[in-house]
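K.L.:
What follows is the file data30.cif, containing mmCIF, C-alpha atoms and all ligand atoms:
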```cif
data_final
#
loop_
_atom_site.label_atom_id
_atom_site.label_comp_id
_atom_site.auth_asym_id
_atom_site.auth_seq_id
_atom_site.Cartn_x
_atom_site.Cartn_y
_atom_site.Cartn_z
CA MET A 42 0.00 0.00 0.00
CA ALA A 43 1.27 3.47 -0.86
CA GLU A 44 2.29 5.71 1.99
CA LEU A 45 -0.17 8.43 2.99
CA PHE A 46 2.44 10.97 1.90
CA GLU A 47 6.08 10.95 0.95
CA ILE A 48 8.94 11.52 3.38
CA ARG A 49 11.91 13.06 1.60
CA ASP A 50 15.53 13.57 2.63
CA VAL A 51 14.88 17.16 3.59
CA ASP A 52 12.15 15.97 5.97
CA ARG A 53 14.36 13.34 7.62
CA ARG A 54 17.21 15.82 7.97
CA THR A 55 14.92 18.41 9.53
CA TYR A 56 13.34 15.99 11.96
CA GLU A 57 16.54 14.23 13.02
CA GLY A 58 18.68 17.35 13.04
CA GLU A 59 16.33 19.90 14.57
CA LEU A 60 13.16 18.44 15.99
CA ARG A 61 13.54 14.96 17.46
CA GLU A 62 15.47 16.10 20.51
CA PHE A 63 13.62 19.37 20.87
CA LEU A 64 10.21 17.70 21.11
CA PRO A 65 9.15 15.77 24.21
CA ASP A 66 8.28 12.08 23.76
CA ARG A 67 4.60 12.74 24.29
CA LEU A 68 2.66 15.64 22.77
CA VAL A 69 -0.89 16.93 22.74
CA ASP A 70 -1.98 18.58 19.49
CA VAL A 71 -4.98 20.77 20.37
CA HIS A 72 -6.04 21.61 16.81
CA THR A 73 -6.88 18.81 14.37
CA HIS A 74 -9.61 18.27 11.80
CA VAL A 75 -11.03 14.82 11.26
CA TRP A 76 -13.68 14.11 8.63
CA LYS A 77 -14.67 11.75 5.86
CA ALA A 78 -15.24 13.04 2.36
CA GLU A 79 -18.50 11.12 2.15
CA HIS A 80 -19.94 13.24 4.97
CA GLN A 81 -18.70 16.60 3.77
CA ARG A 82 -20.84 18.62 1.43
CA ILE A 83 -18.98 21.34 -0.40
CA GLY A 84 -21.56 23.50 -2.13
CA PRO A 85 -20.75 26.11 -4.79
CA ASP A 86 -20.43 28.81 -2.11
CA ALA A 87 -18.26 26.75 0.24
CA PHE A 88 -15.21 28.97 -0.13
CA ALA A 89 -17.02 32.27 -0.55
CA ARG A 90 -15.89 33.46 2.87
CA VAL A 91 -12.79 31.39 3.57
CA VAL A 92 -9.53 30.60 1.76
CA SER A 93 -9.56 27.51 -0.44
CA TRP A 94 -5.89 26.39 -0.52
CA PRO A 95 -6.25 24.05 2.49
CA SER A 96 -8.58 21.85 0.44
CA ARG A 97 -5.68 21.04 -1.90
CA VAL A 98 -3.77 19.13 0.78
CA ALA A 99 -6.18 16.39 1.76
CA ARG A 100 -9.57 15.34 0.50
CA ASP A 101 -10.43 14.08 3.93
CA ASN A 102 -8.71 13.07 7.14
CA SER A 103 -9.92 9.95 8.85
CA VAL A 104 -8.67 9.34 12.35
CA GLU A 105 -6.53 6.55 10.91
CA ASP A 106 -4.91 9.03 8.51
CA LEU A 107 -4.35 11.47 11.35
CA VAL A 108 -2.54 8.83 13.41
CA GLU A 109 -0.58 7.66 10.37
CA GLY A 110 0.44 11.26 9.66
CA TYR A 111 1.87 11.57 13.15
CA ARG A 112 3.67 8.24 12.78
CA LEU A 113 5.31 9.42 9.56
CA MET A 114 6.20 12.90 10.79
CA PHE A 115 7.09 12.18 14.40
CA PRO A 116 8.87 8.81 14.57
CA GLY A 117 9.33 7.73 18.18
CA LYS A 118 6.77 10.18 19.59
CA SER A 119 3.24 9.67 20.81
CA VAL A 120 0.72 12.38 19.90
CA THR A 121 -2.77 12.83 21.36
CA PRO A 122 -4.98 15.03 19.19
CA LEU A 123 -7.92 17.21 20.18
CA MET A 124 -10.24 16.52 17.24
CA PHE A 125 -13.11 18.28 15.52
CA ALA A 126 -14.70 18.20 12.09
CA SER A 127 -14.21 20.49 9.08
CA VAL A 128 -17.54 21.89 7.99
CA TYR A 129 -18.43 23.98 4.95
CA ASP A 130 -22.11 23.24 4.88
CA ALA A 131 -24.50 23.04 7.82
CA ASP A 132 -26.26 20.03 6.26
CA SER A 133 -23.19 17.87 6.74
CA MET A 134 -22.80 18.71 10.44
CA PRO A 135 -24.76 15.86 12.05
CA ALA A 136 -22.87 13.12 10.19
CA MET A 137 -19.53 14.85 10.74
CA ASN A 138 -20.11 15.31 14.45
CA ARG A 139 -21.21 11.67 14.71
CA TYR A 140 -18.01 10.57 13.01
CA VAL A 141 -15.79 12.64 15.34
CA ARG A 142 -17.67 11.34 18.35
CA GLU A 143 -17.28 7.75 17.18
CA CYS A 144 -13.52 8.26 16.59
CA ALA A 145 -13.11 9.87 20.00
CA ALA A 146 -14.78 6.94 21.74
CA ARG A 147 -12.85 4.35 19.74
CA MET A 148 -9.40 5.96 20.03
CA LYS A 149 -9.93 7.55 23.45
CA PHE A 150 -8.98 10.97 22.03
CA PRO A 151 -10.58 14.21 23.25
CA ALA A 152 -12.91 16.01 20.84
CA LEU A 153 -15.09 19.09 20.32
CA ILE A 154 -18.53 19.29 18.76
CA TYR A 155 -18.81 21.50 15.67
CA ALA A 156 -21.53 23.95 16.72
CA HIS A 157 -23.88 25.94 14.56
CA PRO A 158 -24.67 29.50 15.73
CA THR A 159 -28.40 28.92 15.26
CA TRP A 160 -28.45 26.13 17.83
CA THR A 161 -30.23 26.96 21.06
CA GLY A 162 -28.30 26.77 24.30
CA ASP A 163 -30.17 23.56 25.09
CA ALA A 164 -29.21 21.98 21.79
CA LEU A 165 -25.56 22.84 22.32
CA GLU A 166 -25.66 21.47 25.86
CA LYS A 167 -27.32 18.22 24.76
CA GLY A 168 -24.90 17.83 21.86
CA ILE A 169 -21.80 18.26 24.01
CA LYS A 170 -23.05 16.05 26.84
CA GLY A 171 -24.47 13.37 24.56
CA GLY A 172 -21.25 13.12 22.58
CA ARG A 173 -18.93 13.39 25.61
CA PHE A 174 -17.25 16.33 23.92
CA LEU A 175 -15.04 18.75 25.88
CA GLY A 176 -16.73 21.76 24.30
CA ALA A 177 -17.28 23.32 20.91
CA LYS A 178 -15.52 24.34 17.71
CA VAL A 179 -17.12 27.33 16.01
CA TYR A 180 -16.36 28.85 12.64
CA LEU A 181 -17.04 32.08 10.82
CA ASN A 182 -18.42 30.45 7.65
CA LEU A 183 -21.51 29.39 9.61
CA SER A 184 -22.43 33.01 10.36
CA PRO A 185 -25.73 34.16 8.81
CA ALA A 186 -25.31 34.17 5.02
CA TYR A 187 -26.31 37.85 4.64
CA ILE A 188 -23.22 39.07 6.51
CA PRO A 189 -20.34 39.90 4.15
CA GLU A 190 -17.08 38.16 5.05
CA LYS A 191 -15.33 41.37 6.03
CA GLU A 192 -18.09 42.30 8.45
CA ILE A 193 -18.34 39.03 10.37
CA ARG A 194 -17.82 39.47 14.11
CA ILE A 195 -17.05 36.79 16.70
CA PHE A 196 -20.56 36.95 18.17
CA ASP A 197 -22.09 36.19 14.75
CA PHE A 198 -20.82 32.61 14.97
CA LEU A 199 -20.24 32.29 18.73
CA PRO A 200 -23.44 33.86 20.04
CA PRO A 201 -23.85 35.00 23.66
CA HIS A 202 -26.53 32.40 24.43
CA GLN A 203 -24.04 29.65 23.56
CA LEU A 204 -21.31 31.32 25.59
CA ASP A 205 -23.73 31.22 28.56
CA VAL A 206 -23.91 27.43 28.29
CA LEU A 207 -20.18 26.99 27.74
CA ASN A 208 -19.54 29.24 30.73
CA ARG A 209 -21.98 27.42 32.99
CA HIS A 210 -20.14 24.15 32.41
CA GLY A 211 -16.65 25.59 32.09
CA TRP A 212 -16.35 24.02 28.64
CA VAL A 213 -13.75 24.57 25.95
CA VAL A 214 -14.27 26.64 22.80
CA MET A 215 -11.88 26.70 19.85
CA LEU A 216 -12.13 30.15 18.29
CA HIS A 217 -10.70 31.14 14.89
CA ILE A 218 -11.13 34.91 14.89
CA PRO A 219 -12.61 36.55 11.76
CA ARG A 220 -11.93 39.76 9.81
CA ASP A 221 -9.16 40.98 7.52
CA GLY A 222 -7.40 42.80 10.36
CA ARG A 223 -6.94 39.45 12.08
CA LEU A 224 -5.39 39.77 15.57
CA ARG A 225 -5.02 43.53 15.40
CA ASP A 226 -8.64 44.14 14.40
CA PRO A 227 -10.26 46.38 17.05
CA VAL A 228 -13.66 44.66 16.79
CA ASN A 229 -12.03 41.28 17.39
CA LEU A 230 -10.02 42.63 20.31
CA ALA A 231 -13.08 44.24 21.91
CA GLN A 232 -15.11 41.03 21.66
CA MET A 233 -12.23 38.88 22.90
CA LEU A 234 -12.01 41.09 25.99
CA GLU A 235 -15.78 40.96 26.36
CA ILE A 236 -15.72 37.16 26.38
CA GLU A 237 -12.94 37.21 28.95
CA THR A 238 -14.97 39.53 31.23
CA ASN A 239 -18.51 38.23 30.78
CA TRP A 240 -17.87 34.49 30.38
CA PRO A 241 -14.74 33.94 32.51
CA LYS A 242 -15.22 30.21 32.97
CA VAL A 243 -15.19 29.35 29.29
CA ARG A 244 -11.84 27.86 28.37
CA VAL A 245 -11.21 29.85 25.19
CA ILE A 246 -8.49 28.67 22.83
CA ILE A 247 -7.64 31.29 20.20
CA ALA A 248 -6.66 29.37 17.07
CA HIS A 249 -3.55 30.05 14.96
CA MET A 250 -2.24 32.64 17.46
CA GLY A 251 -5.08 34.89 16.36
CA ARG A 252 -4.18 34.43 12.67
CA ALA A 253 -1.24 36.80 13.11
CA TYR A 254 0.77 35.21 10.31
CA CYS A 255 2.77 38.33 9.39
CA ASP A 256 4.40 40.91 11.65
CA GLU A 257 1.90 43.49 10.40
CA ASP A 258 -0.98 41.48 11.86
CA MET A 259 0.14 42.22 15.43
CA GLY A 260 -0.66 45.94 15.63
CA ASP A 261 -1.16 46.76 19.30
CA ALA A 262 -2.95 43.47 19.97
CA PHE A 263 -0.43 42.26 22.51
CA THR A 264 -0.72 45.46 24.52
CA VAL A 265 -4.52 45.20 24.54
CA LEU A 266 -4.51 41.48 25.32
CA SER A 267 -1.94 41.79 28.09
CA ALA A 268 -4.96 42.52 30.31
CA THR A 269 -6.33 39.00 29.78
CA ARG A 270 -5.82 36.14 32.23
CA ASN A 271 -7.86 33.22 30.90
CA MET A 272 -7.73 32.80 27.16
CA VAL A 273 -5.02 30.57 25.75
CA PHE A 274 -3.52 30.48 22.27
CA ASP A 275 -2.67 27.67 19.91
CA PHE A 276 0.19 28.17 17.46
CA SER A 277 -1.33 26.00 14.73
CA ALA A 278 -0.71 26.66 11.04
CA ASN A 279 1.46 29.65 11.87
CA THR A 280 5.20 29.96 11.22
CA ASN A 281 5.90 33.47 12.49
CA ASP A 282 8.58 33.31 15.18
CA HIS A 283 8.24 37.04 15.98
CA VAL A 284 4.58 36.56 16.79
CA PHE A 285 5.36 33.46 18.84
CA GLU A 286 8.07 35.27 20.78
CA LYS A 287 5.74 38.17 21.55
CA ALA A 288 3.01 35.78 22.69
CA LEU A 289 5.31 33.74 24.91
CA ARG A 290 6.60 36.93 26.52
CA THR A 291 3.16 38.56 26.89
CA PHE A 292 1.05 35.63 28.09
CA GLY A 293 3.79 33.42 29.51
CA PRO A 294 4.58 30.00 28.06
CA GLU A 295 1.81 28.47 30.20
CA ARG A 296 -0.93 30.10 28.09
CA CYS A 297 0.52 28.97 24.77
CA LEU A 298 -0.31 25.54 23.32
CA PHE A 299 0.92 23.34 20.54
CA GLY A 300 -1.62 22.78 17.78
CA SER A 301 -1.06 21.77 14.17
CA ASP A 302 -4.28 22.20 12.16
CA MET A 303 -3.74 18.75 10.65
CA PRO A 304 -4.19 17.75 7.93
CA ILE A 305 -3.18 21.05 6.27
CA THR A 306 0.23 21.01 7.96
CA ARG A 307 1.01 17.94 5.87
CA MET A 308 1.48 20.49 3.09
CA ARG A 309 5.01 20.78 1.77
CA MET A 310 5.48 24.51 1.99
CA ARG A 311 7.47 27.45 3.23
CA ARG A 312 5.64 30.62 4.17
CA HIS A 313 6.85 34.16 3.81
CA CYS A 314 5.16 37.53 3.98
CA GLU A 315 4.96 40.11 1.22
CA GLY A 316 3.66 43.52 2.25
CA GLY A 317 1.79 42.07 5.19
CA ARG A 318 0.23 39.15 3.27
CA TYR A 319 1.29 35.57 3.73
CA VAL A 320 2.37 33.48 0.77
CA ASN A 321 2.72 29.70 0.94
CA VAL A 322 5.52 28.67 -1.39
CA VAL A 323 5.17 25.08 -2.62
CA PRO A 324 7.14 22.95 -5.12
CA ARG A 325 5.75 23.83 -8.54
CA GLY A 326 2.88 21.63 -9.60
CA LEU A 327 2.70 19.58 -6.41
CA TYR A 328 -0.74 20.97 -5.52
CA GLY A 329 -2.07 21.56 -8.99
CA ASP A 330 -2.58 24.97 -10.53
CA VAL A 331 -2.36 27.53 -7.73
CA SER A 332 -1.87 30.58 -9.96
CA GLY A 333 -5.32 31.94 -9.07
CA ASP A 334 -4.65 31.99 -5.32
CA SER A 335 -2.88 35.09 -4.02
CA HIS A 336 -1.83 33.20 -0.88
CA MET A 337 0.12 30.64 -2.92
CA GLY A 338 3.51 30.80 -4.60
CA GLU A 339 5.68 28.20 -6.32
CA ALA A 340 9.36 27.30 -6.32
CA ASP A 341 11.53 25.29 -8.73
CA PRO A 342 14.58 23.10 -8.04
CA PRO A 343 16.98 23.44 -6.36
CA GLU A 344 15.00 25.67 -3.96
CA SER A 345 11.93 23.45 -4.04
CA ASP A 346 14.03 20.48 -2.86
CA THR A 347 14.62 22.31 0.42
CA ILE A 348 10.94 22.71 1.24
CA THR A 349 9.69 20.50 4.06
CA PHE A 350 6.34 20.14 5.81
CA PHE A 351 4.32 23.09 7.06
CA MET A 352 4.23 21.12 10.35
CA TYR A 353 8.02 21.20 10.67
CA GLU A 354 8.17 24.85 9.61
CA GLU A 355 5.74 25.71 12.40
CA ILE A 356 7.75 23.82 15.03
CA LEU A 357 11.04 25.30 13.77
CA ALA A 358 9.54 28.76 14.27
CA ILE A 359 8.38 27.82 17.76
CA LYS A 360 11.90 26.57 18.50
CA ARG A 361 13.51 29.80 17.29
CA ALA A 362 11.17 31.89 19.43
CA MET A 363 11.77 29.74 22.51
CA GLU A 364 15.54 29.82 22.03
CA ARG A 365 15.57 33.61 21.74
CA ILE A 366 13.66 33.88 25.01
CA GLY A 367 15.86 31.23 26.59
CA LEU A 368 13.02 28.97 27.73
CA GLY A 369 14.08 25.92 29.69
CA ARG A 370 13.16 22.29 29.16
CA ALA A 371 10.19 22.44 31.56
CA ASP A 372 8.56 25.28 29.63
CA VAL A 373 9.15 23.57 26.30
CA GLU A 374 7.56 20.37 27.57
CA ALA A 375 4.64 22.29 29.05
CA PHE A 376 3.98 23.97 25.71
CA PHE A 377 3.80 20.65 23.88
CA LEU A 378 2.08 18.61 26.59
CA GLY A 379 1.37 19.90 30.09
CA ASN A 380 -0.50 23.09 29.20
CA ALA A 381 -2.94 21.20 27.00
CA LYS A 382 -3.52 18.59 29.70
CA ARG A 383 -4.29 21.40 32.14
CA VAL A 384 -6.56 23.35 29.80
CA LEU A 385 -8.39 20.29 28.47
CA ARG A 386 -8.40 18.53 31.87
CA ILE A 387 -7.26 15.25 30.36
ZN ZN A 401 -8.38 24.57 11.87
#
```
Take the structure in the file and give it back as structure tokens.
P.N.:
Amino acid sequence: MAELFEIRDVDRRTYEGELREFLPDRLVDVHTHVWKAEHQRIGPDAFARVVSWPSRVARDNSVEDLVEGYRLMFPGKSVTPLMFASVYDADSMPAMNRYVRECAARMKFPALIYAHPTWTGDALEKGIKGGRFLGAKVYLNLSPAYIPEKEIRIFDFLPPHQLDVLNRHGWVVMLHIPRDGRLRDPVNLAQMLEIETNWPKVRVIIAHMGRAYCDEDMGDAFTVLSATRNMVFDFSANTNDHVFEKALRTFGPERCLFGSDMPITRMRMRRHCEGGRYVNVVPRGLYGDVSGDSHMGEADPPESDTITFFMYEEILAIKRAMERIGLGRADVEAFFLGNAKRVLRI
């Protein structure tokens, strides 16, 4: 049987030379998507409000593929994922949530329900309890269809009545913040602070370090957010070591968590920023024709032979940030394992 994906020399060199010793033997990955193509409906408007390049990496990601991906990328390590689905269309949610719940029970992995903003508080509560989920994953593309992408606010897809329920139970919510301004956006920052004040028992995980992928995305966000005490941040699908360094210094390493955003971090790519926009540079042709996507770029040999996994690029950036700060072994291990165990209570 063919391997799930190819491991090249550059990958082995990166892992053996830079990552194997740096990573603890056990990790928790707090940000993973698990779904089966047969459950996922992708309608014509699926990517109207979100980027489409992630769909080029994997058609689906069964729990078996997730585990196999870890085995290939992290030989000798054991990785526990926090899982949730990947939903473009509300109609596919019941089957996708059922699949995640079934995988969680079978593999004994923690999981989140994918919640729709139109659900009542009762429905959310029943869904989480019935599926033994730790909380909810919410996403901006489920906001009411009349709201233009640029105008979507956090409360459009994580409504206050659902925060009430999450707060009552002290449940987890995985929050990918919206808007073009990303982490520096004042509406995002105001609502993040509002959640912190009004729903203090919700365990909020801000995905992708607030989508601050380029230095320009930081603005004065870290000054504003230095007032927070509860929310934690996952570093998934982000490779910006300046942002990571700022976060580790502002929030302390104990509020920063390892997450990958599998399966998209299986992508072979190197990210750079051009005028405040991120560009994912991939070996030419490997992911089809990407010329129409302004977030994608291509490289030819010999440069393309030096491109390894997005996953490794993320961890290399984390390593650079931690080394600049001079974090010790205990903090490194907490980032990859202990903090997630504390936040998820597993
Ligand atoms: Zn994600």
K.L.:
Could you give me the residues within 12 Å of ligand ZN 401 (chain A), counting all atoms listed in the file, as a ChimeraX atom specification?
P.N.:
/A:70-75,91-92,95-96,123-128,155,178-181,215-218,246-252,275-279,300-306
K.L.:
Select, from A:Phe274, A:Tyr187, A:Tyr111, A:Phe377, the residue with the minimum atom-to-atom distance to Leu45 in chain A, counting all atoms listed in the file.
P.N.:
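So, comparing all the options, the nearest one is A:Tyr111.
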K.L.:
Pick out the closest residue to Ser133 in chain A from this set: A:Gly84, A:Pro116, A:Pro324, A:Gly172. Count all atoms listed in the file.
P.N.:
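Closest candidate: A:Gly84.
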K.L.:
Mind pulling up the distance from CA of Ala381 in chain A to CA of Ile195 in chain A?
P.N.:
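CA of Ala381 in chain A lies 23.4 Å from CA of Ile195 in chain A.
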K.L.:
Pick from A:Leu68, A:Leu368, A:Val108, A:Val228: nearest to Lys191 in chain A, with all atoms listed in the file counted?
P.N.:
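Closest candidate: A:Val228.
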K.L.:
Given only C-alpha atoms as the basis, pick out the residue of A:Leu113, A:Val320, A:Ala78, A:Ala253 nearest to Pro219 in chain A.
P.N.:
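Of the candidates, the smallest distance to Pro219 in chain A is held by A:Ala253.
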K.L.:
Take range 232-259 of chain A, bring it up to N, CA and C atoms, and give me the output as a CSV table (one decimal), in the coordinates of the input.
P.N.:
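Output file part23.csv follows:
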```csv
chain,number,residue,atom,x,y,z
A,232,GLN,N,-14.3,42.2,21.3
A,232,GLN,CA,-15.1,41.0,21.7
A,232,GLN,C,-14.3,40.0,22.4
A,233,MET,N,-13.1,39.8,22.1
A,233,MET,CA,-12.2,38.9,22.9
A,233,MET,C,-12.2,39.3,24.4
A,234,LEU,N,-12.0,40.6,24.6
A,234,LEU,CA,-12.0,41.1,26.0
A,234,LEU,C,-13.4,40.9,26.6
A,235,GLU,N,-14.4,41.1,25.8
A,235,GLU,CA,-15.8,41.0,26.4
A,235,GLU,C,-16.0,39.5,26.8
A,236,ILE,N,-15.6,38.6,26.0
A,236,ILE,CA,-15.7,37.2,26.4
A,236,ILE,C,-15.0,36.9,27.7
A,237,GLU,N,-13.8,37.4,27.8
A,237,GLU,CA,-12.9,37.2,29.0
A,237,GLU,C,-13.6,37.7,30.2
A,238,THR,N,-14.3,38.9,30.1
A,238,THR,CA,-15.0,39.5,31.2
A,238,THR,C,-16.3,38.9,31.6
A,239,ASN,N,-17.1,38.7,30.5
A,239,ASN,CA,-18.5,38.2,30.8
A,239,ASN,C,-18.7,36.7,30.9
A,240,TRP,N,-17.8,36.0,30.3
A,240,TRP,CA,-17.9,34.5,30.4
A,240,TRP,C,-16.5,33.9,30.8
A,241,PRO,N,-16.1,34.3,32.1
A,241,PRO,CA,-14.7,33.9,32.5
A,241,PRO,C,-14.4,32.5,32.7
A,242,LYS,N,-15.5,31.6,32.8
A,242,LYS,CA,-15.2,30.2,33.0
A,242,LYS,C,-15.1,29.4,31.7
A,243,VAL,N,-15.4,30.0,30.6
A,243,VAL,CA,-15.2,29.4,29.3
A,243,VAL,C,-13.7,29.2,29.1
A,244,ARG,N,-13.3,28.0,28.7
A,244,ARG,CA,-11.8,27.9,28.4
A,244,ARG,C,-11.7,28.1,26.9
A,245,VAL,N,-11.3,29.4,26.6
A,245,VAL,CA,-11.2,29.8,25.2
A,245,VAL,C,-9.8,29.6,24.7
A,246,ILE,N,-9.8,28.9,23.5
A,246,ILE,CA,-8.5,28.7,22.8
A,246,ILE,C,-8.6,29.5,21.5
A,247,ILE,N,-7.7,30.5,21.4
A,247,ILE,CA,-7.6,31.3,20.2
A,247,ILE,C,-6.8,30.5,19.2
A,248,ALA,N,-7.4,30.2,18.1
A,248,ALA,CA,-6.7,29.4,17.1
A,248,ALA,C,-5.6,30.2,16.3
A,249,HIS,N,-4.6,29.5,15.9
A,249,HIS,CA,-3.6,30.0,15.0
A,249,HIS,C,-2.9,31.3,15.5
A,250,MET,N,-2.8,31.4,16.8
A,250,MET,CA,-2.2,32.6,17.5
A,250,MET,C,-2.9,33.9,16.9
A,251,GLY,N,-4.3,33.8,16.8
A,251,GLY,CA,-5.1,34.9,16.4
A,251,GLY,C,-4.9,35.2,14.9
A,252,ARG,N,-4.4,34.2,14.1
A,252,ARG,CA,-4.2,34.4,12.7
A,252,ARG,C,-3.2,35.6,12.4
A,253,ALA,N,-2.3,35.8,13.3
A,253,ALA,CA,-1.2,36.8,13.1
A,253,ALA,C,-0.1,36.1,12.4
A,254,TYR,N,-0.2,36.0,11.1
A,254,TYR,CA,0.8,35.2,10.3
A,254,TYR,C,1.9,36.1,9.9
A,255,CYS,N,1.7,37.4,9.8
A,255,CYS,CA,2.8,38.3,9.4
A,255,CYS,C,2.9,39.3,10.5
A,256,ASP,N,4.1,39.9,10.6
A,256,ASP,CA,4.4,40.9,11.6
A,256,ASP,C,3.3,42.0,11.7
A,257,GLU,N,2.9,42.4,10.5
A,257,GLU,CA,1.9,43.5,10.4
A,257,GLU,C,0.6,43.2,11.1
A,258,ASP,N,0.3,41.9,11.3
A,258,ASP,CA,-1.0,41.5,11.9
A,258,ASP,C,-1.0,41.7,13.4
A,259,MET,N,0.1,42.1,14.0
A,259,MET,CA,0.1,42.2,15.4
A,259,MET,C,-0.5,43.5,15.9
```
